[in-house]
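Below is one structure, written out as structure tokens, with a few remarks after it.
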Amino acid sequence: MPSQQSEPPDDRLARLRGPQPPQPYTARKITALTANPACARRAVLDAAGLDKALLAQRVGYEPRFGQSPFALAREQAFHGLVKWGSYAELIRLLREQLSVPVAEAHVTDLNDVGGNTALHLRERETRRLIAHVASGQDVRLILDRPVLTLEVAGQTAYLEPDALTHRIGGKFHVVLIRSFAALDGQANPISVAEAAKQAAVYVLALHRAFETAGLPTEQISHEFLLVCPKDFSNRPYGRLIDLRQELDALQFQLSRLRRAEDLAAQLPETATLDTTRSTDELSSSIEALDASYTPSCLSFCEMARYCRDEADGCASPARLGSGVRNDLPGIDSTRTALDYLDGVAAPGEAEAETAGLLRAAARLRRLRRGAA
């Protein structure tokens, strides 16, 4: 089940989106947003709750990534296995693999509160239970699908980690359940790194919940519990992973995000991102939002191919990667850089140093070619 997002409070964002319901914020979306905090386009699209895949499709760019239905089905099946019998497998992991002295645990299901699935009710009940456990009234508790909140670019994101447990060393641990396998105790490092980034979002949201309630954040672990299949079986395997580096990076990047409402306010009054409108209207409105494309966007943003072609059209240095962009300060076009090299144009005072470095690099390249 994806995490969810409340209706954006800013009318401008809601008008931009049109009549469609807002798409949810997820930990994955937040990590993608913070991976490129300079991108105003992504900030507004996510804050307005736009379906970016549908928007990209409407302007002629079908996204080329995403989980297959088979992978989704496998993940749902593994989730069901771990949670079967009131988290019997998670309790076994705590006892057998992590040496936690636990024979049983009380599991509280927070998928609904008295049959009501409203996010604000589930979030309020999560906060009540966290305070209950943090005060020492119950040390046997596992929270299934708790709801936490986090402010992202001026918007409130409702986030749902798979579980929280208070069973490991007396601390709260975020639990993530993933279907990629750990072979001989080692899972795919790229998959683990992605899970760690998402776990950091949940841990940061948990910190916010503790701070709001006036609870000591020392009770929150800087490690999260990753649960995945062991070897080629479906038997769950558990491993604690340190998140301190990811938490520092996430907090820094979130602090750099501009408020989405402020970015949206700079758009023309006629701008629209309503996917029922014409392609021309959508394209002109998308173009009015500044993008910060780099090749890494292709791995996490549905709009990346649109932005790549846009960057190609204006010969943006960023289309060759953030390294090239950072090496060409003040030069906003690779065509301009080539003109400086060829002597077609003279650099201004601000670009003189960069142009000199380019000429030196070009000389080195010619020398290497000659030596070869």
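Chains: A, B, ... in order of the structure tokens. Residues: from 1 per chain. Ligands: from 1, in order shown.
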Task: Those of segment 92-282 of chain A in DSSP strand (DSSP E or B), formatted as number ranges by chain - done: A: 106-109, 113, 116, 141-144, 148-152, 155-159, 163-168, 171-177, 182-183, 186-187, 220, 223-230, 236-242
Return as a tab-separated table the residues of segment 180-291 of chain A lying at most 8 Å from segment 35-43 of chain A, together with the closest atom-to-atom pair for each and the distance in Å to one decimal, counting only C-alpha atoms, with rows in chain order and ascending residue number.
```
residue	atom	partner	partner_atom	distance
A:Gln253	CA	A:Pro37	CA	6.5
A:Leu254	CA	A:Pro37	CA	7.7
A:Arg256	CA	A:Pro37	CA	6.4
A:Leu257	CA	A:Pro37	CA	5.5
A:Arg258	CA	A:Ala40	CA	7.8
A:Ala260	CA	A:Ala43	CA	5.9
A:Leu263	CA	A:Ala40	CA	6.8
A:Ile286	CA	A:Arg41	CA	7.4
A:Leu289	CA	A:Arg41	CA	5.0
A:Asp290	CA	A:Ala40	CA	5.5
A:Ala291	CA	A:Cys39	CA	4.9
```
Just the selected residues (all heavy atoms), exported as a PDB file, in the first residue's frame, please.
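Written out: selection-v4.pdb:
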```pdb
ATOM      1  N   GLN A 253      19.461  18.009   2.428  1.00  0.00           N
ATOM      2  CA  GLN A 253      18.774  18.229   1.160  1.00  0.00           C
ATOM      3  C   GLN A 253      17.371  18.782   1.375  1.00  0.00           C
ATOM      4  O   GLN A 253      16.912  19.643   0.611  1.00  0.00           O
ATOM      5  CB  GLN A 253      18.714  16.930   0.346  1.00  0.00           C
ATOM      6  CG  GLN A 253      20.075  16.381  -0.060  1.00  0.00           C
ATOM      7  CD  GLN A 253      20.788  17.252  -1.086  1.00  0.00           C
ATOM      8  OE1 GLN A 253      20.563  18.450  -1.172  1.00  0.00           O
ATOM      9  NE2 GLN A 253      21.659  16.646  -1.870  1.00  0.00           N
ATOM     10  N   LEU A 254      16.663  18.312   2.391  1.00  0.00           N
ATOM     11  CA  LEU A 254      15.331  18.855   2.669  1.00  0.00           C
ATOM     12  C   LEU A 254      15.408  20.343   3.008  1.00  0.00           C
ATOM     13  O   LEU A 254      14.512  21.113   2.658  1.00  0.00           O
ATOM     14  CB  LEU A 254      14.668  18.091   3.815  1.00  0.00           C
ATOM     15  CG  LEU A 254      14.094  16.717   3.486  1.00  0.00           C
ATOM     16  CD1 LEU A 254      13.587  16.034   4.751  1.00  0.00           C
ATOM     17  CD2 LEU A 254      12.963  16.816   2.459  1.00  0.00           C
ATOM     18  N   ARG A 256      17.294  22.432   1.702  1.00  0.00           N
ATOM     19  CA  ARG A 256      17.573  23.202   0.488  1.00  0.00           C
ATOM     20  C   ARG A 256      16.352  23.344  -0.423  1.00  0.00           C
ATOM     21  O   ARG A 256      16.383  24.124  -1.377  1.00  0.00           O
ATOM     22  CB  ARG A 256      18.697  22.513  -0.304  1.00  0.00           C
ATOM     23  CG  ARG A 256      20.033  22.488   0.408  1.00  0.00           C
ATOM     24  CD  ARG A 256      21.061  21.735  -0.425  1.00  0.00           C
ATOM     25  NE  ARG A 256      21.309  22.386  -1.705  1.00  0.00           N
ATOM     26  CZ  ARG A 256      21.888  21.786  -2.742  1.00  0.00           C
ATOM     27  NH1 ARG A 256      22.274  20.525  -2.645  1.00  0.00           N
ATOM     28  NH2 ARG A 256      22.081  22.429  -3.866  1.00  0.00           N
ATOM     29  N   LEU A 257      15.305  22.578  -0.150  1.00  0.00           N
ATOM     30  CA  LEU A 257      14.133  22.630  -1.021  1.00  0.00           C
ATOM     31  C   LEU A 257      13.384  23.950  -0.853  1.00  0.00           C
ATOM     32  O   LEU A 257      13.131  24.391   0.266  1.00  0.00           O
ATOM     33  CB  LEU A 257      13.180  21.469  -0.703  1.00  0.00           C
ATOM     34  CG  LEU A 257      13.689  20.059  -1.005  1.00  0.00           C
ATOM     35  CD1 LEU A 257      12.652  19.033  -0.564  1.00  0.00           C
ATOM     36  CD2 LEU A 257      13.986  19.903  -2.489  1.00  0.00           C
ATOM     37  N   ARG A 258      13.039  24.544  -1.967  1.00  0.00           N
ATOM     38  CA  ARG A 258      12.226  25.765  -1.919  1.00  0.00           C
ATOM     39  C   ARG A 258      10.765  25.386  -1.754  1.00  0.00           C
ATOM     40  O   ARG A 258      10.323  24.326  -2.178  1.00  0.00           O
ATOM     41  CB  ARG A 258      12.423  26.573  -3.201  1.00  0.00           C
ATOM     42  CG  ARG A 258      13.830  27.095  -3.378  1.00  0.00           C
ATOM     43  CD  ARG A 258      13.999  27.750  -4.732  1.00  0.00           C
ATOM     44  NE  ARG A 258      13.136  28.913  -4.888  1.00  0.00           N
ATOM     45  CZ  ARG A 258      12.964  29.554  -6.046  1.00  0.00           C
ATOM     46  NH1 ARG A 258      13.588  29.123  -7.130  1.00  0.00           N
ATOM     47  NH2 ARG A 258      12.171  30.596  -6.122  1.00  0.00           N
ATOM     48  N   ALA A 260       7.118  24.834  -2.444  1.00  0.00           N
ATOM     49  CA  ALA A 260       6.441  24.603  -3.717  1.00  0.00           C
ATOM     50  C   ALA A 260       5.425  25.697  -4.016  1.00  0.00           C
ATOM     51  O   ALA A 260       5.232  26.077  -5.173  1.00  0.00           O
ATOM     52  CB  ALA A 260       5.762  23.236  -3.698  1.00  0.00           C
ATOM     53  N   LEU A 263       7.157  28.571  -5.645  1.00  0.00           N
ATOM     54  CA  LEU A 263       7.511  28.265  -7.032  1.00  0.00           C
ATOM     55  C   LEU A 263       6.285  28.323  -7.932  1.00  0.00           C
ATOM     56  O   LEU A 263       6.339  28.854  -9.046  1.00  0.00           O
ATOM     57  CB  LEU A 263       8.151  26.879  -7.107  1.00  0.00           C
ATOM     58  CG  LEU A 263       9.491  26.719  -6.373  1.00  0.00           C
ATOM     59  CD1 LEU A 263       9.874  25.247  -6.287  1.00  0.00           C
ATOM     60  CD2 LEU A 263      10.578  27.507  -7.079  1.00  0.00           C
ATOM     61  N   ILE A 286       4.588  23.227 -18.475  1.00  0.00           N
ATOM     62  CA  ILE A 286       5.759  22.491 -17.984  1.00  0.00           C
ATOM     63  C   ILE A 286       7.022  23.298 -18.238  1.00  0.00           C
ATOM     64  O   ILE A 286       7.907  23.402 -17.384  1.00  0.00           O
ATOM     65  CB  ILE A 286       5.847  21.103 -18.657  1.00  0.00           C
ATOM     66  CG1 ILE A 286       4.675  20.213 -18.230  1.00  0.00           C
ATOM     67  CG2 ILE A 286       7.167  20.417 -18.303  1.00  0.00           C
ATOM     68  CD1 ILE A 286       4.553  18.937 -19.040  1.00  0.00           C
ATOM     69  N   LEU A 289       8.204  25.899 -15.780  1.00  0.00           N
ATOM     70  CA  LEU A 289       8.825  25.466 -14.531  1.00  0.00           C
ATOM     71  C   LEU A 289      10.289  25.113 -14.803  1.00  0.00           C
ATOM     72  O   LEU A 289      10.585  24.293 -15.657  1.00  0.00           O
ATOM     73  CB  LEU A 289       8.100  24.230 -13.972  1.00  0.00           C
ATOM     74  CG  LEU A 289       6.708  24.450 -13.401  1.00  0.00           C
ATOM     75  CD1 LEU A 289       5.990  23.117 -13.231  1.00  0.00           C
ATOM     76  CD2 LEU A 289       6.801  25.185 -12.063  1.00  0.00           C
ATOM     77  N   ASP A 290      11.198  25.739 -14.072  1.00  0.00           N
ATOM     78  CA  ASP A 290      12.625  25.470 -14.272  1.00  0.00           C
ATOM     79  C   ASP A 290      12.952  24.029 -13.897  1.00  0.00           C
ATOM     80  O   ASP A 290      12.577  23.555 -12.820  1.00  0.00           O
ATOM     81  CB  ASP A 290      13.475  26.419 -13.421  1.00  0.00           C
ATOM     82  CG  ASP A 290      13.432  27.842 -13.937  1.00  0.00           C
ATOM     83  OD1 ASP A 290      13.166  28.016 -15.144  1.00  0.00           O
ATOM     84  OD2 ASP A 290      13.658  28.775 -13.145  1.00  0.00           O
ATOM     85  N   ALA A 291      13.656  23.344 -14.789  1.00  0.00           N
ATOM     86  CA  ALA A 291      14.101  21.978 -14.526  1.00  0.00           C
ATOM     87  C   ALA A 291      15.604  21.979 -14.282  1.00  0.00           C
ATOM     88  O   ALA A 291      16.312  22.904 -14.667  1.00  0.00           O
ATOM     89  CB  ALA A 291      13.765  21.064 -15.700  1.00  0.00           C
TER      90      ALA A 291
END
```
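If you count only C-alpha atoms and ignore residues fewer than 4 places along the chain from His132 of chain A, what sits within 12 Å of it is Glu125, Thr126, Arg127, Arg128, Gly136, Gln137, Asp138, Val139, Arg140, Leu141, Leu143, His166, Phe210, Ala213 and Leu215 of chain A.
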Write a file of the just-selected residues containing N, CA, C and O atoms, as a short mmCIF file (atom, residue, chain, number, x, y, z; two decimals), in the first residue's frame.
```
data_model
loop_
_atom_site.label_atom_id
_atom_site.label_comp_id
_atom_site.auth_asym_id
_atom_site.auth_seq_id
_atom_site.Cartn_x
_atom_site.Cartn_y
_atom_site.Cartn_z
N GLU A 125 -3.61 8.13 16.10
CA GLU A 125 -3.52 6.91 16.88
C GLU A 125 -2.07 6.42 16.95
O GLU A 125 -1.62 5.91 17.98
N THR A 126 -1.31 6.60 15.85
CA THR A 126 0.11 6.24 15.88
C THR A 126 0.85 7.05 16.92
O THR A 126 1.64 6.51 17.71
N ARG A 127 0.58 8.36 16.96
CA ARG A 127 1.25 9.21 17.95
C ARG A 127 0.87 8.80 19.38
O ARG A 127 1.73 8.79 20.27
N ARG A 128 -0.39 8.43 19.58
CA ARG A 128 -0.82 8.00 20.92
C ARG A 128 -0.09 6.74 21.36
O ARG A 128 0.39 6.64 22.49
N GLY A 136 7.10 3.74 28.60
CA GLY A 136 7.39 2.49 29.30
C GLY A 136 6.17 1.70 29.71
O GLY A 136 6.28 0.71 30.44
N GLN A 137 4.98 2.09 29.26
CA GLN A 137 3.76 1.39 29.65
C GLN A 137 3.60 0.06 28.92
O GLN A 137 2.85 -0.81 29.36
N ASP A 138 4.28 -0.11 27.77
CA ASP A 138 4.19 -1.36 27.03
C ASP A 138 5.46 -1.51 26.21
O ASP A 138 5.73 -0.69 25.33
N VAL A 139 6.26 -2.51 26.49
CA VAL A 139 7.50 -2.72 25.75
C VAL A 139 7.39 -3.90 24.79
O VAL A 139 8.37 -4.37 24.24
N ARG A 140 6.17 -4.39 24.58
CA ARG A 140 5.99 -5.57 23.74
C ARG A 140 5.35 -5.22 22.40
O ARG A 140 4.87 -6.08 21.69
N LEU A 141 5.31 -3.97 22.05
CA LEU A 141 4.46 -3.53 20.95
C LEU A 141 5.18 -3.53 19.60
O LEU A 141 6.31 -3.08 19.48
N LEU A 143 4.03 -2.01 15.82
CA LEU A 143 3.00 -1.24 15.11
C LEU A 143 3.02 -1.61 13.64
O LEU A 143 4.04 -1.46 12.97
N HIS A 166 9.60 -1.98 18.97
CA HIS A 166 10.29 -1.47 20.15
C HIS A 166 11.01 -2.62 20.84
O HIS A 166 11.30 -2.57 22.03
N PHE A 210 8.38 12.40 17.61
CA PHE A 210 8.88 12.44 18.98
C PHE A 210 9.06 13.88 19.45
O PHE A 210 8.70 14.24 20.58
N ALA A 213 5.80 15.56 20.25
CA ALA A 213 5.21 15.05 21.49
C ALA A 213 6.06 15.34 22.71
O ALA A 213 5.67 15.00 23.84
N LEU A 215 8.96 13.96 23.38
CA LEU A 215 9.55 12.70 23.82
C LEU A 215 11.05 12.69 23.51
O LEU A 215 11.49 13.31 22.54
#
```
Task: Among the residues A:Gln198, A:Phe70, A:Lys83, A:Ala187, the one that comes closest to Thr26 of chain A [using only C-alpha atoms] - done: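 Checking each of A:Gln198, A:Phe70, A:Lys83, A:Ala187 against Thr26 of chain A, counting only C-alpha atoms, the winner is A:Gln198.
Rounded to one decimal, atom CA of Pro161 of chain A and atom CA of Tyr237 of chain A lie 18.0 Å from each other.
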Open item on the list: Residues within 12 Å of segment 100-110 of chain A, please, as a ChimeraX atom specification. Count only C-alpha atoms; anything in the same chain fewer than 4 positions from it doesn't count.
Closed with: /A:83-96,114-130,133,138-148,160-171
Those residues with C-alpha atoms, as a PDB file, in the first residue's frame please?
```pdb
ATOM      1  CA  LYS A  83       3.120 -10.570   8.645  1.00  0.00           C
ATOM      2  CA  TRP A  84       1.377 -13.943   8.849  1.00  0.00           C
ATOM      3  CA  GLY A  85       0.311 -15.041  12.312  1.00  0.00           C
ATOM      4  CA  SER A  86       0.666 -11.596  13.918  1.00  0.00           C
ATOM      5  CA  TYR A  87       4.207 -11.107  12.618  1.00  0.00           C
ATOM      6  CA  ALA A  88       5.352 -14.552  13.727  1.00  0.00           C
ATOM      7  CA  GLU A  89       8.262 -14.475  11.254  1.00  0.00           C
ATOM      8  CA  LEU A  90       9.383 -11.014  12.399  1.00  0.00           C
ATOM      9  CA  ILE A  91       9.323 -12.198  16.008  1.00  0.00           C
ATOM     10  CA  ARG A  92      11.377 -15.248  14.997  1.00  0.00           C
ATOM     11  CA  LEU A  93      13.910 -12.951  13.296  1.00  0.00           C
ATOM     12  CA  LEU A  94      14.222 -10.800  16.391  1.00  0.00           C
ATOM     13  CA  ARG A  95      14.760 -13.851  18.561  1.00  0.00           C
ATOM     14  CA  GLU A  96      16.946 -16.062  16.369  1.00  0.00           C
ATOM     15  CA  GLY A 114     -12.062   1.306  14.342  1.00  0.00           C
ATOM     16  CA  GLY A 115     -12.711   0.576  10.668  1.00  0.00           C
ATOM     17  CA  ASN A 116     -11.862   4.156   9.611  1.00  0.00           C
ATOM     18  CA  THR A 117      -8.901   4.444   7.208  1.00  0.00           C
ATOM     19  CA  ALA A 118      -8.657   8.270   7.347  1.00  0.00           C
ATOM     20  CA  LEU A 119      -5.018   9.288   7.439  1.00  0.00           C
ATOM     21  CA  HIS A 120      -5.356  11.927  10.140  1.00  0.00           C
ATOM     22  CA  LEU A 121      -7.039   9.415  12.478  1.00  0.00           C
ATOM     23  CA  ARG A 122      -4.390   6.775  11.849  1.00  0.00           C
ATOM     24  CA  GLU A 123      -1.625   9.328  12.364  1.00  0.00           C
ATOM     25  CA  ARG A 124      -3.189  10.503  15.636  1.00  0.00           C
ATOM     26  CA  GLU A 125      -3.521   6.906  16.879  1.00  0.00           C
ATOM     27  CA  THR A 126       0.109   6.239  15.875  1.00  0.00           C
ATOM     28  CA  ARG A 127       1.245   9.207  17.951  1.00  0.00           C
ATOM     29  CA  ARG A 128      -0.821   8.004  20.922  1.00  0.00           C
ATOM     30  CA  LEU A 129       0.680   4.521  20.781  1.00  0.00           C
ATOM     31  CA  ILE A 130       4.221   5.835  20.354  1.00  0.00           C
ATOM     32  CA  VAL A 133       5.343   2.776  24.437  1.00  0.00           C
ATOM     33  CA  ASP A 138       4.194  -1.362  27.031  1.00  0.00           C
ATOM     34  CA  VAL A 139       7.505  -2.720  25.755  1.00  0.00           C
ATOM     35  CA  ARG A 140       5.986  -5.570  23.736  1.00  0.00           C
ATOM     36  CA  LEU A 141       4.462  -3.531  20.952  1.00  0.00           C
ATOM     37  CA  ILE A 142       4.874  -3.842  17.154  1.00  0.00           C
ATOM     38  CA  LEU A 143       3.001  -1.238  15.115  1.00  0.00           C
ATOM     39  CA  ASP A 144       1.771  -2.511  11.736  1.00  0.00           C
ATOM     40  CA  ARG A 145       1.476   0.219   9.057  1.00  0.00           C
ATOM     41  CA  PRO A 146       1.837   3.243  11.370  1.00  0.00           C
ATOM     42  CA  VAL A 147       1.300   6.698   9.858  1.00  0.00           C
ATOM     43  CA  LEU A 148       3.917   9.436  10.278  1.00  0.00           C
ATOM     44  CA  GLU A 160       3.583   4.558   6.114  1.00  0.00           C
ATOM     45  CA  PRO A 161       6.588   2.398   6.993  1.00  0.00           C
ATOM     46  CA  ASP A 162       5.886  -1.318   6.990  1.00  0.00           C
ATOM     47  CA  ALA A 163       6.222  -1.513  10.762  1.00  0.00           C
ATOM     48  CA  LEU A 164       7.785  -0.062  13.890  1.00  0.00           C
ATOM     49  CA  THR A 165       9.190  -2.293  16.597  1.00  0.00           C
ATOM     50  CA  HIS A 166      10.289  -1.471  20.150  1.00  0.00           C
ATOM     51  CA  ARG A 167      11.840  -4.848  20.703  1.00  0.00           C
ATOM     52  CA  ILE A 168      15.514  -4.319  19.816  1.00  0.00           C
ATOM     53  CA  GLY A 169      17.618  -2.944  22.665  1.00  0.00           C
ATOM     54  CA  GLY A 170      14.666  -0.979  24.013  1.00  0.00           C
ATOM     55  CA  LYS A 171      14.665   1.352  21.002  1.00  0.00           C
TER      56      LYS A 171
END
```
Would you write out, as JSON lines, a table of all residues in segment 168-265 of chain A that have an atom no more than 10 Å from an atom of segment 46-55 of chain A, listing for each the closest atom pair and the distance in Å to one decimal, considering only C-alpha atoms and ordering rows by chain and rising residue number?
```
{"residue": "A:Arg259", "atom": "CA", "partner": "A:Ala47", "partner_atom": "CA", "distance": 9.2}
{"residue": "A:Ala260", "atom": "CA", "partner": "A:Ala47", "partner_atom": "CA", "distance": 6.3}
{"residue": "A:Glu261", "atom": "CA", "partner": "A:Ala47", "partner_atom": "CA", "distance": 8.3}
{"residue": "A:Ala264", "atom": "CA", "partner": "A:Ala48", "partner_atom": "CA", "distance": 9.2}
```
- [ ] Find the residues near segment 271-282 of chain A: any atom within 8 Å, counting only C-alpha atoms, skip ones fewer than 3 places away on the same chain, and give them as a count of residues only.
- [x] 15
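With distances restricted to only C-alpha atoms, A:Ile241 is the closest residue to Pro189 of chain A from A:Ala345, A:Met303, A:Ile241, A:Ala315.
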Open item on the list: Can you pull out every residue from segment 150-255 of chain A that DSSP, working from the backbone, puts in helix (DSSP H, G or I), and format the result as number ranges by chain?
Closed with: A: 189-213, 217-219, 244-255
Task: Selected residue, from A:Asp312, A:Ala346, A:Phe252, A:Thr217, that lies nearest to Ser333 of chain A when counting only C-alpha atoms - done: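 Closest to Ser333 of chain A of all the choices is A:Asp312.
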Open item on the list: Could you tell me how far atom CA of Val113 of chain A sits from atom CA of Ala73 of chain A, in Å to one decimal place?
Closed with: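 So the two atoms, atom CA of Ala73 of chain A and atom CA of Val113 of chain A, lie 26.4 Å apart.
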Open item on the list: Could you tell me how far atom CA of Leu72 of chain A sits from atom CA of Cys301 of chain A, in Å to one decimal place?
Closed with: 18.9 Å
